[in-house]
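Reproduced below: entry38.txt, with compact mmCIF, C-alpha atoms and all ligand atoms.
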# COMPACT_ATOMS: atom_id res chain seq x y z
CA MET A 1150 0.00 0.00 0.00
CA ASP A 1151 1.19 3.51 -0.74
CA HIS A 1152 -0.04 7.08 -0.57
CA PHE A 1153 -0.12 7.90 -4.30
CA LEU A 1154 -3.79 7.83 -5.21
CA TYR A 1155 -6.15 9.47 -7.66
CA ARG A 1156 -8.46 12.00 -6.15
CA ASP A 1157 -10.89 14.27 -8.05
CA GLY A 1158 -9.39 13.06 -11.32
CA ALA A 1159 -5.75 13.80 -10.46
CA LEU A 1160 -2.85 11.88 -8.95
CA TYR A 1161 -1.86 12.95 -5.45
CA ALA A 1162 1.09 12.28 -3.20
CA GLU A 1163 -0.65 12.22 0.18
CA ASP A 1164 -2.59 15.54 0.09
CA VAL A 1165 -0.49 17.23 -2.58
CA PRO A 1166 -1.46 17.15 -6.27
CA ILE A 1167 1.49 15.85 -8.31
CA ALA A 1168 0.74 18.53 -10.91
CA ASP A 1169 1.36 21.24 -8.27
CA ILE A 1170 4.84 19.85 -7.59
CA ALA A 1171 5.56 19.70 -11.31
CA ALA A 1172 4.46 23.33 -11.71
CA SER A 1173 6.75 24.34 -8.86
CA VAL A 1174 9.95 22.35 -9.55
CA GLY A 1175 9.62 21.34 -13.21
CA THR A 1176 9.98 17.80 -14.56
CA PRO A 1177 11.38 15.24 -14.22
CA PHE A 1178 11.54 14.72 -10.46
CA TYR A 1179 11.32 12.06 -7.78
CA VAL A 1180 8.66 12.41 -5.12
CA TYR A 1181 8.52 10.43 -1.87
CA SER A 1182 5.71 9.99 0.62
CA SER A 1183 6.57 10.32 4.32
CA ALA A 1184 3.46 8.34 5.24
CA THR A 1185 4.48 5.39 3.05
CA LEU A 1186 8.06 5.41 4.33
CA THR A 1187 6.77 5.47 7.90
CA ARG A 1188 4.22 2.75 7.26
CA HIS A 1189 6.73 0.41 5.66
CA PHE A 1190 9.35 0.89 8.35
CA LYS A 1191 6.75 0.16 11.02
CA LEU A 1192 5.61 -3.00 9.24
CA PHE A 1193 9.09 -4.44 9.77
CA ASP A 1194 9.49 -3.05 13.26
CA ASP A 1195 6.10 -4.47 14.29
CA ALA A 1196 6.85 -7.80 12.60
CA LEU A 1197 9.72 -8.29 15.05
CA ALA A 1198 7.85 -7.00 18.11
CA GLY A 1199 8.56 -9.11 21.15
CA THR A 1200 12.10 -9.88 19.95
CA ASP A 1201 15.18 -7.84 20.76
CA HIS A 1202 15.75 -6.32 17.33
CA LEU A 1203 16.94 -3.43 15.20
CA VAL A 1204 15.68 -2.66 11.69
CA CYS A 1205 18.75 -1.34 9.88
CA TYR A 1206 17.44 0.36 6.75
CA ALA A 1207 19.62 -0.47 3.71
CA MET A 1208 20.27 3.12 2.77
CA LYS A 1209 21.73 2.18 -0.59
CA SER A 1210 18.11 1.97 -1.79
CA ASN A 1211 17.45 5.66 -1.12
CA SER A 1212 19.98 7.66 0.85
CA ASN A 1213 18.57 11.16 0.79
CA GLN A 1214 19.25 12.60 4.23
CA ALA A 1215 15.64 13.66 4.69
CA VAL A 1216 14.61 10.03 4.22
CA LEU A 1217 17.30 8.89 6.66
CA LYS A 1218 16.25 11.49 9.24
CA LEU A 1219 12.59 10.47 8.97
CA LEU A 1220 13.45 6.79 9.46
CA GLY A 1221 16.05 7.52 12.13
CA ASP A 1222 13.44 9.45 14.13
CA LEU A 1223 11.28 6.32 14.04
CA GLY A 1224 14.16 4.36 15.60
CA ALA A 1225 15.71 2.87 12.49
CA GLY A 1226 19.33 1.84 12.33
CA MET A 1227 21.25 1.99 9.06
CA ASP A 1228 23.04 -0.57 6.95
CA VAL A 1229 25.88 1.24 5.17
CA VAL A 1230 28.31 -0.01 2.54
CA SER A 1231 30.77 2.83 2.09
CA ALA A 1232 32.39 5.69 3.99
CA GLY A 1233 30.12 8.02 2.03
CA GLU A 1234 27.01 6.24 3.26
CA TYR A 1235 28.39 6.14 6.80
CA LEU A 1236 29.07 9.88 6.84
CA ARG A 1237 25.71 10.60 5.21
CA ALA A 1238 23.92 8.59 7.90
CA LYS A 1239 25.84 10.44 10.60
CA ALA A 1240 25.02 13.78 8.96
CA ALA A 1241 21.34 12.81 9.09
CA GLY A 1242 21.69 12.31 12.85
CA ILE A 1243 21.90 8.52 13.06
CA PRO A 1244 24.10 7.56 16.02
CA GLY A 1245 27.04 5.24 15.36
CA GLU A 1246 25.63 2.61 17.69
CA ARG A 1247 22.78 2.13 15.22
CA ILE A 1248 24.97 1.82 12.10
CA VAL A 1249 26.18 -1.52 10.71
CA PHE A 1250 28.87 -1.59 8.04
CA SER A 1251 28.41 -4.16 5.27
CA GLY A 1252 30.18 -4.66 1.94
CA VAL A 1253 32.71 -6.89 0.32
CA GLY A 1254 35.52 -4.37 -0.18
CA LYS A 1255 35.87 -2.01 2.75
CA THR A 1256 39.13 -0.08 2.65
CA ALA A 1257 41.33 0.65 5.67
CA GLU A 1258 40.34 4.31 5.34
CA GLU A 1259 36.64 3.44 5.46
CA MET A 1260 37.26 1.26 8.52
CA ARG A 1261 39.11 4.09 10.24
CA ILE A 1262 36.31 6.60 9.54
CA ALA A 1263 33.66 4.30 11.00
CA LEU A 1264 35.77 3.27 13.98
CA GLU A 1265 36.52 6.86 14.87
CA GLY A 1266 32.92 7.97 14.39
CA GLY A 1267 31.41 5.02 16.26
CA ILE A 1268 29.89 1.87 14.82
CA ARG A 1269 27.54 -0.86 16.00
CA GLN A 1270 29.31 -3.64 14.14
CA PHE A 1271 31.18 -4.55 10.99
CA ASN A 1272 29.82 -7.37 8.86
CA VAL A 1273 33.08 -8.89 7.69
CA GLU A 1274 33.15 -10.75 4.39
CA SER A 1275 36.59 -12.34 4.05
CA GLU A 1276 39.72 -13.38 5.91
CA PRO A 1277 41.89 -10.59 4.45
CA GLU A 1278 39.24 -8.06 5.47
CA MET A 1279 39.24 -9.50 9.00
CA ALA A 1280 43.00 -9.13 9.23
CA ARG A 1281 42.88 -5.56 7.96
CA LEU A 1282 40.07 -4.55 10.31
CA SER A 1283 41.98 -6.08 13.21
CA GLY A 1284 45.01 -3.97 12.30
CA VAL A 1285 43.05 -0.74 11.93
CA ALA A 1286 41.15 -1.29 15.19
CA GLU A 1287 44.35 -2.06 17.07
CA SER A 1288 46.08 1.02 15.70
CA LEU A 1289 43.22 3.09 17.10
CA GLY A 1290 43.27 1.23 20.41
CA LYS A 1291 39.75 -0.07 19.84
CA THR A 1292 37.95 -3.40 19.87
CA VAL A 1293 35.20 -3.66 17.29
CA PRO A 1294 32.21 -6.00 17.35
CA ILE A 1295 31.97 -8.12 14.21
CA THR A 1296 29.75 -10.64 12.55
CA VAL A 1297 31.03 -12.72 9.66
CA ARG A 1298 28.84 -12.78 6.58
CA VAL A 1299 28.31 -16.34 5.49
CA ASN A 1300 27.41 -17.41 1.99
CA PRO A 1301 24.85 -20.19 2.49
CA ASP A 1302 24.80 -21.29 -1.17
CA VAL A 1303 21.06 -20.76 -1.48
CA ASP A 1304 19.29 -19.82 -4.70
CA ALA A 1305 17.34 -16.62 -3.98
CA LYS A 1306 15.27 -17.13 -7.16
CA THR A 1307 15.66 -13.53 -8.21
CA HIS A 1308 17.36 -11.65 -11.06
CA GLU A 1309 20.91 -12.98 -11.41
CA LYS A 1310 22.43 -9.50 -11.02
CA ILE A 1311 20.97 -9.11 -7.54
CA ALA A 1312 21.35 -12.67 -6.21
CA THR A 1313 24.10 -12.78 -3.59
CA GLY A 1314 23.79 -16.06 -1.71
CA LYS A 1315 25.10 -18.62 -4.20
CA ALA A 1316 28.59 -20.07 -3.95
CA GLU A 1317 29.49 -18.42 -7.27
CA ASN A 1318 28.74 -14.93 -5.88
CA LYS A 1319 31.47 -12.74 -4.41
CA PHE A 1320 29.69 -12.24 -1.09
CA GLY A 1321 30.47 -13.70 2.31
CA ILE A 1322 32.61 -16.66 3.25
CA PRO A 1323 31.51 -20.16 2.24
CA ILE A 1324 29.39 -21.47 5.09
CA SER A 1325 31.32 -24.75 4.87
CA ARG A 1326 34.45 -22.92 6.07
CA ALA A 1327 32.72 -20.94 8.79
CA ARG A 1328 34.22 -22.77 11.79
CA GLU A 1329 37.75 -22.24 10.57
CA VAL A 1330 37.12 -18.56 9.76
CA TYR A 1331 35.45 -17.89 13.13
CA ALA A 1332 38.41 -19.51 14.91
CA GLN A 1333 40.73 -17.15 13.03
CA ALA A 1334 38.57 -14.14 13.83
CA ALA A 1335 38.48 -14.99 17.53
CA ALA A 1336 42.27 -15.12 17.60
CA LEU A 1337 42.71 -11.66 16.08
CA PRO A 1338 43.23 -8.66 18.37
CA GLY A 1339 40.89 -5.71 18.03
CA LEU A 1340 37.91 -7.88 17.00
CA GLU A 1341 35.06 -9.16 19.13
CA VAL A 1342 33.09 -11.90 17.42
CA ILE A 1343 29.45 -11.39 18.34
CA GLY A 1344 27.33 -12.87 15.60
CA ILE A 1345 26.53 -14.11 12.10
CA ASP A 1346 25.40 -12.15 9.05
CA VAL A 1347 23.62 -13.39 5.94
CA HIS A 1348 22.03 -11.65 2.94
CA ILE A 1349 21.06 -13.79 -0.03
CA GLY A 1350 19.74 -11.28 -2.54
CA SER A 1351 17.23 -8.61 -3.39
CA GLN A 1352 13.65 -8.57 -4.73
CA LEU A 1353 12.87 -12.03 -3.35
CA THR A 1354 9.26 -12.91 -3.98
CA GLN A 1355 9.15 -16.15 -1.99
CA LEU A 1356 9.95 -17.02 1.62
CA GLU A 1357 11.49 -20.40 0.89
CA PRO A 1358 15.04 -19.20 0.08
CA PHE A 1359 15.03 -17.10 3.27
CA GLU A 1360 13.91 -20.14 5.22
CA LEU A 1361 16.73 -22.29 3.83
CA ALA A 1362 19.29 -19.60 4.65
CA PHE A 1363 17.97 -18.82 8.13
CA ARG A 1364 17.90 -22.52 9.05
CA LYS A 1365 21.54 -22.82 8.01
CA VAL A 1366 22.36 -19.79 10.15
CA ALA A 1367 20.49 -21.34 13.10
CA ASP A 1368 22.47 -24.58 12.77
CA LEU A 1369 25.71 -22.64 12.47
CA THR A 1370 24.88 -20.64 15.59
CA GLU A 1371 24.71 -23.84 17.62
CA VAL A 1372 27.91 -25.22 16.13
CA LEU A 1373 29.83 -22.00 16.74
CA ARG A 1374 28.53 -21.83 20.28
CA THR A 1375 29.87 -25.31 20.97
CA ASP A 1376 33.17 -24.06 19.55
CA GLY A 1377 33.11 -21.45 22.30
CA HIS A 1378 31.98 -18.36 20.38
CA ASP A 1379 29.46 -16.11 22.10
CA ILE A 1380 27.04 -15.79 19.18
CA ARG A 1381 24.42 -13.34 20.38
CA ARG A 1382 23.42 -11.28 17.33
CA LEU A 1383 22.09 -12.43 13.96
CA ASP A 1384 21.95 -10.02 11.03
CA LEU A 1385 19.56 -11.63 8.56
CA GLY A 1386 19.94 -9.07 5.77
CA GLY A 1387 17.27 -7.56 3.55
CA GLY A 1388 15.83 -8.61 0.25
CA LEU A 1389 12.07 -8.88 0.65
CA GLY A 1390 10.54 -7.97 -2.72
CA ILE A 1391 7.77 -5.56 -3.67
CA PRO A 1392 4.93 -5.91 -6.20
CA TYR A 1393 6.24 -3.97 -9.22
CA GLU A 1394 3.62 -5.50 -11.44
CA ARG A 1395 0.60 -5.03 -9.28
CA SER A 1396 -1.64 -7.28 -11.32
CA ASN A 1397 0.32 -10.50 -10.90
CA GLU A 1398 2.83 -10.29 -8.08
CA ALA A 1399 2.16 -10.73 -4.39
CA PRO A 1400 5.44 -11.12 -2.51
CA PRO A 1401 5.27 -12.16 1.14
CA LEU A 1402 4.52 -9.46 3.68
CA PRO A 1403 6.90 -8.19 6.38
CA ILE A 1404 4.73 -9.84 9.02
CA GLU A 1405 5.28 -13.22 7.33
CA PHE A 1406 9.01 -12.47 7.09
CA GLY A 1407 8.99 -11.68 10.84
CA GLU A 1408 7.14 -14.90 11.63
CA LEU A 1409 9.66 -16.86 9.59
CA ILE A 1410 12.50 -15.28 11.57
CA LYS A 1411 10.87 -16.16 14.86
CA LYS A 1412 10.20 -19.70 13.65
CA THR A 1413 13.71 -20.38 12.34
CA VAL A 1414 16.02 -18.56 14.76
CA GLY A 1415 13.73 -17.40 17.58
CA HIS A 1416 14.76 -20.24 19.93
CA LEU A 1417 18.40 -19.11 19.93
CA GLY A 1418 17.80 -16.03 22.08
CA CYS A 1419 19.84 -13.81 19.77
CA GLU A 1420 19.31 -10.15 19.09
CA ILE A 1421 17.98 -9.84 15.52
CA GLU A 1422 18.94 -7.29 12.90
CA ILE A 1423 17.38 -7.03 9.46
CA GLU A 1424 18.44 -4.79 6.56
CA PRO A 1425 15.42 -4.07 4.37
CA GLY A 1426 15.82 -1.36 1.74
CA ARG A 1427 13.50 -1.76 -1.22
CA LEU A 1428 10.40 -2.65 0.77
CA ILE A 1429 10.74 0.51 2.84
CA SER A 1430 11.55 3.02 0.11
CA GLY A 1431 10.44 1.41 -3.18
CA ASN A 1432 6.72 2.03 -3.20
CA ALA A 1433 7.23 5.27 -1.30
CA GLY A 1434 8.46 7.00 -4.45
CA LEU A 1435 7.39 8.02 -7.95
CA LEU A 1436 9.42 9.33 -10.83
CA VAL A 1437 7.35 11.99 -12.57
CA ALA A 1438 8.12 12.95 -16.16
CA GLU A 1439 6.55 14.87 -19.00
CA VAL A 1440 5.76 13.55 -22.46
CA ILE A 1441 7.94 15.56 -24.85
CA TYR A 1442 6.78 13.99 -28.10
CA VAL A 1443 4.58 11.20 -29.33
CA LYS A 1444 6.41 9.85 -32.35
CA ASP A 1445 5.09 7.51 -35.01
CA GLY A 1446 7.55 4.76 -35.91
CA GLU A 1447 7.15 2.24 -38.72
CA ASP A 1448 5.10 -0.18 -36.67
CA ARG A 1449 4.84 1.45 -33.24
CA GLN A 1450 4.33 4.64 -31.33
CA PHE A 1451 7.12 6.03 -29.18
CA LEU A 1452 6.32 8.00 -26.08
CA ILE A 1453 9.38 10.21 -25.65
CA LEU A 1454 9.77 11.49 -22.10
CA ASP A 1455 11.98 14.11 -20.50
CA ALA A 1456 13.20 11.41 -18.06
CA ALA A 1457 15.81 8.94 -19.27
CA MET A 1458 17.87 5.92 -18.31
CA ASN A 1459 20.28 8.18 -16.44
CA ASP A 1460 17.42 9.07 -14.06
CA LEU A 1461 16.02 5.53 -13.64
CA ILE A 1462 18.39 2.82 -14.81
CA ARG A 1463 16.48 -0.24 -13.58
CA PRO A 1464 14.62 -1.04 -16.85
CA ALA A 1465 17.84 -0.75 -18.91
CA MET A 1466 19.97 -2.58 -16.36
CA TYR A 1467 17.74 -5.40 -15.17
CA GLY A 1468 14.89 -5.35 -17.68
CA ALA A 1469 12.85 -4.20 -14.69
CA TYR A 1470 9.16 -3.45 -14.94
CA HIS A 1471 7.74 -0.23 -13.51
CA ASP A 1472 4.05 0.65 -13.73
CA ILE A 1473 3.54 3.84 -15.74
CA ILE A 1474 0.41 5.84 -15.04
CA PRO A 1475 -0.91 9.22 -16.21
CA VAL A 1476 -1.04 12.02 -13.66
CA VAL A 1477 -4.50 12.99 -14.90
CA GLU A 1478 -6.79 10.10 -14.02
CA PRO A 1479 -7.86 8.25 -17.17
CA ALA A 1480 -11.61 8.17 -17.80
CA PRO A 1481 -13.09 4.77 -17.01
CA GLY A 1482 -13.23 2.78 -20.23
CA GLY A 1483 -10.97 5.34 -21.93
CA GLU A 1484 -8.69 4.43 -24.81
CA GLN A 1485 -5.75 2.08 -24.13
CA VAL A 1486 -2.75 2.39 -26.42
CA LYS A 1487 0.48 0.43 -26.94
CA TYR A 1488 3.64 2.51 -26.59
CA ASP A 1489 7.36 2.07 -26.48
CA VAL A 1490 8.17 4.41 -23.61
CA VAL A 1491 11.62 5.91 -24.09
CA GLY A 1492 13.91 8.70 -22.93
CA PRO A 1493 15.96 11.19 -24.93
CA VAL A 1494 19.39 9.56 -24.33
CA CYS A 1495 21.28 8.49 -27.42
CA GLU A 1496 21.12 4.74 -27.13
CA SER A 1497 18.39 2.23 -27.75
CA GLY A 1498 18.80 0.86 -24.22
CA ASP A 1499 17.16 4.09 -23.06
CA THR A 1500 13.82 2.32 -23.09
CA PHE A 1501 11.57 2.14 -20.05
CA ALA A 1502 8.98 -0.17 -21.54
CA LYS A 1503 8.29 -1.85 -24.85
CA GLN A 1504 4.80 -2.27 -26.24
CA ARG A 1505 3.29 -1.17 -22.93
CA VAL A 1506 -0.48 -1.05 -22.96
CA MET A 1507 -1.55 2.05 -21.07
CA PRO A 1508 -4.05 4.88 -21.20
CA GLN A 1509 -3.57 7.27 -24.11
CA VAL A 1510 -1.51 10.36 -23.31
CA GLY A 1511 -0.29 13.29 -25.40
CA THR A 1512 2.50 15.83 -25.65
CA GLY A 1513 2.81 17.89 -22.47
CA ASP A 1514 1.05 15.32 -20.29
CA LEU A 1515 2.61 14.16 -17.05
CA ILE A 1516 3.16 10.49 -16.33
CA ALA A 1517 4.47 8.73 -13.22
CA PHE A 1518 6.60 5.63 -12.77
CA ARG A 1519 5.52 3.73 -9.71
CA SER A 1520 7.80 1.91 -7.27
CA ALA A 1521 10.68 4.25 -8.08
CA GLY A 1522 11.64 5.20 -4.51
CA ALA A 1523 14.26 2.44 -4.22
CA TYR A 1524 17.32 2.18 -6.47
CA GLY A 1525 16.04 5.15 -8.49
CA ALA A 1526 17.66 8.47 -7.58
CA VAL A 1527 20.61 6.70 -5.93
CA MET A 1528 21.54 4.97 -9.18
CA SER A 1529 21.15 8.03 -11.37
CA SER A 1530 23.96 9.71 -13.27
CA GLU A 1531 24.61 12.76 -15.40
CA TYR A 1532 25.06 10.76 -18.60
CA ASN A 1533 24.51 12.97 -21.64
CA THR A 1534 25.20 15.91 -19.27
CA ARG A 1535 21.68 15.70 -17.97
CA PRO A 1536 21.36 17.28 -14.52
CA MET A 1537 20.44 14.97 -11.64
CA ILE A 1538 16.75 15.47 -11.07
CA PRO A 1539 15.29 16.93 -7.88
CA GLU A 1540 13.92 14.86 -5.04
CA ILE A 1541 10.79 16.00 -3.23
CA LEU A 1542 9.41 14.81 0.10
CA VAL A 1543 5.71 15.12 0.82
CA HIS A 1544 4.22 15.18 4.29
CA GLU A 1545 0.42 15.47 4.31
CA ASP A 1546 -0.32 18.73 2.45
CA GLN A 1547 3.26 20.03 2.42
CA PHE A 1548 6.15 19.29 0.16
CA ALA A 1549 9.83 20.20 0.27
CA VAL A 1550 12.68 19.94 -2.17
CA ILE A 1551 15.12 17.59 -0.45
CA ARG A 1552 17.68 17.66 -3.25
CA ALA A 1553 17.67 20.48 -5.73
CA ARG A 1554 18.34 20.18 -9.44
CA PRO A 1555 21.87 21.50 -10.05
CA THR A 1556 22.32 24.35 -12.49
CA PHE A 1557 24.19 23.71 -15.72
CA ASP A 1558 27.00 25.92 -14.39
CA GLU A 1559 27.33 23.81 -11.23
CA MET A 1560 27.65 20.70 -13.33
CA ILE A 1561 30.03 22.11 -15.88
CA ASN A 1562 32.27 23.87 -13.36
CA ARG A 1563 33.14 20.61 -11.65
CA ASP A 1564 35.59 19.85 -14.47
CA THR A 1565 38.98 21.53 -14.51
CA ILE A 1566 41.02 22.05 -17.64
CA PRO A 1567 44.78 21.62 -17.02
CA THR A 1568 46.93 24.69 -17.59
CA TRP A 1569 48.89 22.98 -20.39
CA LEU A 1570 45.82 22.87 -22.59
N1 LIG A 1601 21.80 -5.79 2.87
C1 LIG A 1601 22.78 -6.00 1.98
C2 LIG A 1601 24.06 -6.52 2.44
C3 LIG A 1601 22.56 -5.73 0.61
O1 LIG A 1601 23.54 -5.95 -0.28
C4 LIG A 1601 21.30 -5.24 0.18
C5 LIG A 1601 21.05 -4.92 -1.23
C6 LIG A 1601 20.31 -5.01 1.15
C7 LIG A 1601 20.60 -5.31 2.49
C8 LIG A 1601 18.96 -4.47 0.83
O2 LIG A 1601 18.22 -5.29 0.00
P1 LIG A 1601 16.72 -4.90 -0.34
O3 LIG A 1601 15.91 -5.05 0.93
O4 LIG A 1601 16.69 -3.50 -0.82
O5 LIG A 1601 16.32 -5.86 -1.38
N2 LIG A 1601 20.02 -2.07 -7.63
C9 LIG A 1601 19.24 -3.28 -7.55
C10 LIG A 1601 19.21 -3.82 -6.13
C11 LIG A 1601 20.56 -4.08 -5.54
C12 LIG A 1601 20.51 -4.61 -4.12
C13 LIG A 1601 21.86 -4.64 -3.51
N3 LIG A 1601 21.92 -5.06 -2.14
C14 LIG A 1601 17.86 -3.02 -8.10
O6 LIG A 1601 17.58 -1.90 -8.55
O7 LIG A 1601 17.03 -3.93 -8.14

Go ahead and render the structure in this file as structure tokens.
Ligand code: LLP
Amino acid sequence: MDHFLYRDGALYAEDVPIADIAASVGTPFYVYSSATLTRHFKLFDDALAGTDHLVCYAMKSNSNQAVLKLLGDLGAGMDVVSAGEYLRAKAAGIPGERIVFSGVGKTAEEMRIALEGGIRQFNVESEPEMARLSGVAESLGKTVPITVRVNPDVDAKTHEKIATGKAENKFGIPISRAREVYAQAAALPGLEVIGIDVHIGSQLTQLEPFELAFRKVADLTEVLRTDGHDIRRLDLGGGLGIPYERSNEAPPLPIEFGELIKKTVGHLGCEIEIEPGRLISGNAGLLVAEVIYVKDGEDRQFLILDAAMNDLIRPAMYGAYHDIIPVVEPAPGGEQVKYDVVGPVCESGDTFAKQRVMPQVGTGDLIAFRSAGAYGAVMSSEYNTRPMIPEILVHEDQFAVIRARPTFDEMINRDTIPTWL
């Protein structure tokens, strides 16, 4: 459920007409709903009620500081994967004791920044990383809590580019070598082994792969405890999918995910962390664009928008589906047309949808991509020297620009031409 609904014939974000935002900031833009963000965070938080837990929002999905502040005020922790994300979370007011540091290639500098600023735990992904973290922590006179991310070799049954829990993926240490790696970690100075981490992929639409992974983590917890490790925290990652194609997808709900966690690892008495990203921010955002031209091709009509693949890369990168709806509510029984929906960038991959059946729209009309709040703005670029588009946050009947569109001068002046030229 989200808070982007038609009312009196027009699409609204909460109590704000989308057309009013477009008139104020111009198109294209991203718009997020505070109410949807809040609702989705609480679904996870409530799903783990009765268990000692922390919902660490995977901020890679949408890292605008206004979004982080809103979630932080609700009690969220953050899952960060770079020094930039760490510092951004801190700038948004998230205390270090609620930040976990994930990622397969943390540098010594990133470790130092997080150790100096305060960190809840590092999720370590390899033996060389363990050794480096030990060295950095020691040099700062600190001991840092760690979990080791295990790769359970489970098929997440999702798009291959976002599956992370198979043996062939670069993530985590093979679960078969976990005992040996934990023994090494325990022997290293500067590290305190406190738990296990697992994350098998993103946009999972079934519970079964989670169940397989969590059961393996539960078994490993018992084994490691008999080896003498004080395993007291389990980070079970993120990955719960959302219904991009509303008509035919119904992924499991956070409450079912919570029940699965309680069923599979609840008996261990561990503190639970989860790292959802997409389910919190995805359906809390729209990308709004204007139709620049409707162009007749040989055998098809092209809807050419002012938004492009540089603004929303998911269709080009993963063949992802996003619902596209007009901002003016279509009349019931109105004409449905087949379009190739494209952007202005100079490559054929700049296609949002092929042969999409949708209500007829014309030049100058506004359309909205649904489910664009996660992995939308954060994955955008300035390809074709197109300015990054603004982000807007709505709260009831108010809206605020939470990232402004840069001017052309700001963009162009970032380059420097060497004196010898
Ligand atoms: N934790 C870790 C360690 C992760 O790598 C990820 C996502 C998450 C949590 C959050 O997963 P989520 O709940 O959002 O599914 N750009 C791709 C998605 C990449 C996901 C990367 N890792 C897309 O647009 O579909």

Which of A:Gly1511, A:Gly1252, A:Gly1339, A:Pro1403 sits closest to Asn1272 in chain A [using only C-alpha atoms] =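 Answer, going by the shortest atom-to-atom distance: A:Gly1252.
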
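Atom pair CA of Asp1448 in chain A / CA of Val1490 in chain A: separated by 14.2 Å.
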
Out of A:Ala1456, A:Ile1324, A:Ile1345, A:Leu1428, which residue has the shortest atom-to-atom distance to ligand LIG 1601 (chain A) when counting only C-alpha atoms and all ligand atoms?
->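 Nearest candidate to ligand LIG 1601 (chain A) out of A:Ala1456, A:Ile1324, A:Ile1345, A:Leu1428: A:Leu1428.
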
For the atom pair CA of Asp1546 in chain A and CA of Tyr1179 in chain A, what is the interatomic distance in Å to one decimal place?
->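 A separation of 16.9 Å between them.
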
What does the distance from CA of Gly1407 in chain A to CA of Phe1193 in chain A come to in Å, to one decimal?
-> 7.3 Å

Would you mind listing what lies within 7 Å of Ile1441 in chain A as JSON, numbers by chain, with all atoms listed in the file counted and same-chain residues fewer than 3 positions away left out?
-> {"A": [1453, 1454, 1455, 1512, 1513]}

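With distances restricted to only C-alpha atoms and all ligand atoms, A:Asp1346 is the closest residue to ligand LIG 1601 (chain A) from A:Asp1164, A:Glu1478, A:Asp1379, A:Asp1346.
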
Collect all residues with atoms no farther than 8 Å from ligand LIG 1601 (chain A), counting all atoms listed in the file, and output them as a ChimeraX atom specification.
-> /A:1206-1210,1228,1230,1251-1252,1310-1311,1313,1347-1348,1350-1353,1386-1390,1423-1429,1462-1463,1467,1469,1523-1525,1528

Could you pull the residues within 9 Å of range 1412-1415 of chain A, counting only C-alpha atoms, minus those fewer than 5 positions along the same chain, as a count of residues only?
-> 9

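You can rank A:Leu1542, A:Ile1561, A:Met1507, A:Val1285 by their closest distance to Gly1482 in chain A using all atoms listed in the file, and at the top of that list sits A:Met1507.
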
Around the point (14.5, 10.6, 12.4), in the coordinates given by the file, pick out the residues reaching within 12 Å, counting only C-alpha atoms, and return them as a list in words.
-> Ser1183, Leu1186, Thr1187, Phe1190, Gln1214, Ala1215, Val1216, Leu1217, Lys1218, Leu1219, Leu1220, Gly1221, Asp1222, Leu1223, Gly1224, Ala1225, Gly1226, Met1227, Ala1238, Lys1239, Ala1240, Ala1241, Gly1242, Ile1243 and Pro1244 of chain A

Please build the interface table for range 1294-1326 of chain A against range 1260-1269 of chain A with a cut-off of 12 Å, listing for each qualifying residue the nearest atom pair and the distance in Å to one decimal; count all atoms listed in the file, order rows by chain and increasing number, and write it as a tab-separated table.
residue	atom	partner	partner_atom	distance
A:Pro1294	CA	A:Arg1269	CA	7.1
A:Ile1295	CA	A:Arg1269	CA	8.7
A:Thr1296	CA	A:Arg1269	CA	10.6

Kindly save the residues from that selection, with C-alpha atoms included, as a PDB file, in the frame of the given file.
ATOM      1  CA  PRO A1294      32.210  -6.000  17.350  1.00  0.00           C
ATOM      2  CA  ILE A1295      31.970  -8.120  14.210  1.00  0.00           C
ATOM      3  CA  THR A1296      29.750 -10.640  12.550  1.00  0.00           C
TER       4      THR A1296
END

Exercise: Arg1328 in chain A partners within 12 Å, all atoms listed in the file, chain neighbours under 5 positions left out, as a PyMOL selection string | chain A and resi 1297+1299+1322-1323+1333-1335+1345+1368-1378

For Lys1191 in chain A, the closest of A:Leu1361, A:Val1293, A:Ala1257, A:Ile1404 counting only C-alpha atoms is A:Ile1404

Surrounding residues of range 1549-1559 of chain A excluding itself and chain neighbours under 2 positions, 10 Å, all atoms listed in the file, as a short mmCIF file (atom, residue, chain, number, x, y, z; two decimals) with C-alpha atoms, in the coordinates of the input:
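Contents of selection.cif, freshly written:
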data_model
loop_
_atom_site.label_atom_id
_atom_site.label_comp_id
_atom_site.auth_asym_id
_atom_site.auth_seq_id
_atom_site.Cartn_x
_atom_site.Cartn_y
_atom_site.Cartn_z
CA ILE A 1170 4.84 19.85 -7.59
CA SER A 1173 6.75 24.34 -8.86
CA VAL A 1174 9.95 22.35 -9.55
CA GLY A 1175 9.62 21.34 -13.21
CA PRO A 1177 11.38 15.24 -14.22
CA PHE A 1178 11.54 14.72 -10.46
CA TYR A 1179 11.32 12.06 -7.78
CA VAL A 1180 8.66 12.41 -5.12
CA TYR A 1181 8.52 10.43 -1.87
CA ASN A 1213 18.57 11.16 0.79
CA GLN A 1214 19.25 12.60 4.23
CA ALA A 1215 15.64 13.66 4.69
CA VAL A 1216 14.61 10.03 4.22
CA THR A 1534 25.20 15.91 -19.27
CA ARG A 1535 21.68 15.70 -17.97
CA PRO A 1536 21.36 17.28 -14.52
CA MET A 1537 20.44 14.97 -11.64
CA ILE A 1538 16.75 15.47 -11.07
CA PRO A 1539 15.29 16.93 -7.88
CA GLU A 1540 13.92 14.86 -5.04
CA ILE A 1541 10.79 16.00 -3.23
CA LEU A 1542 9.41 14.81 0.10
CA VAL A 1543 5.71 15.12 0.82
CA HIS A 1544 4.22 15.18 4.29
CA GLN A 1547 3.26 20.03 2.42
CA ILE A 1561 30.03 22.11 -15.88
CA ASN A 1562 32.27 23.87 -13.36
CA ARG A 1563 33.14 20.61 -11.65
CA ASP A 1564 35.59 19.85 -14.47
#
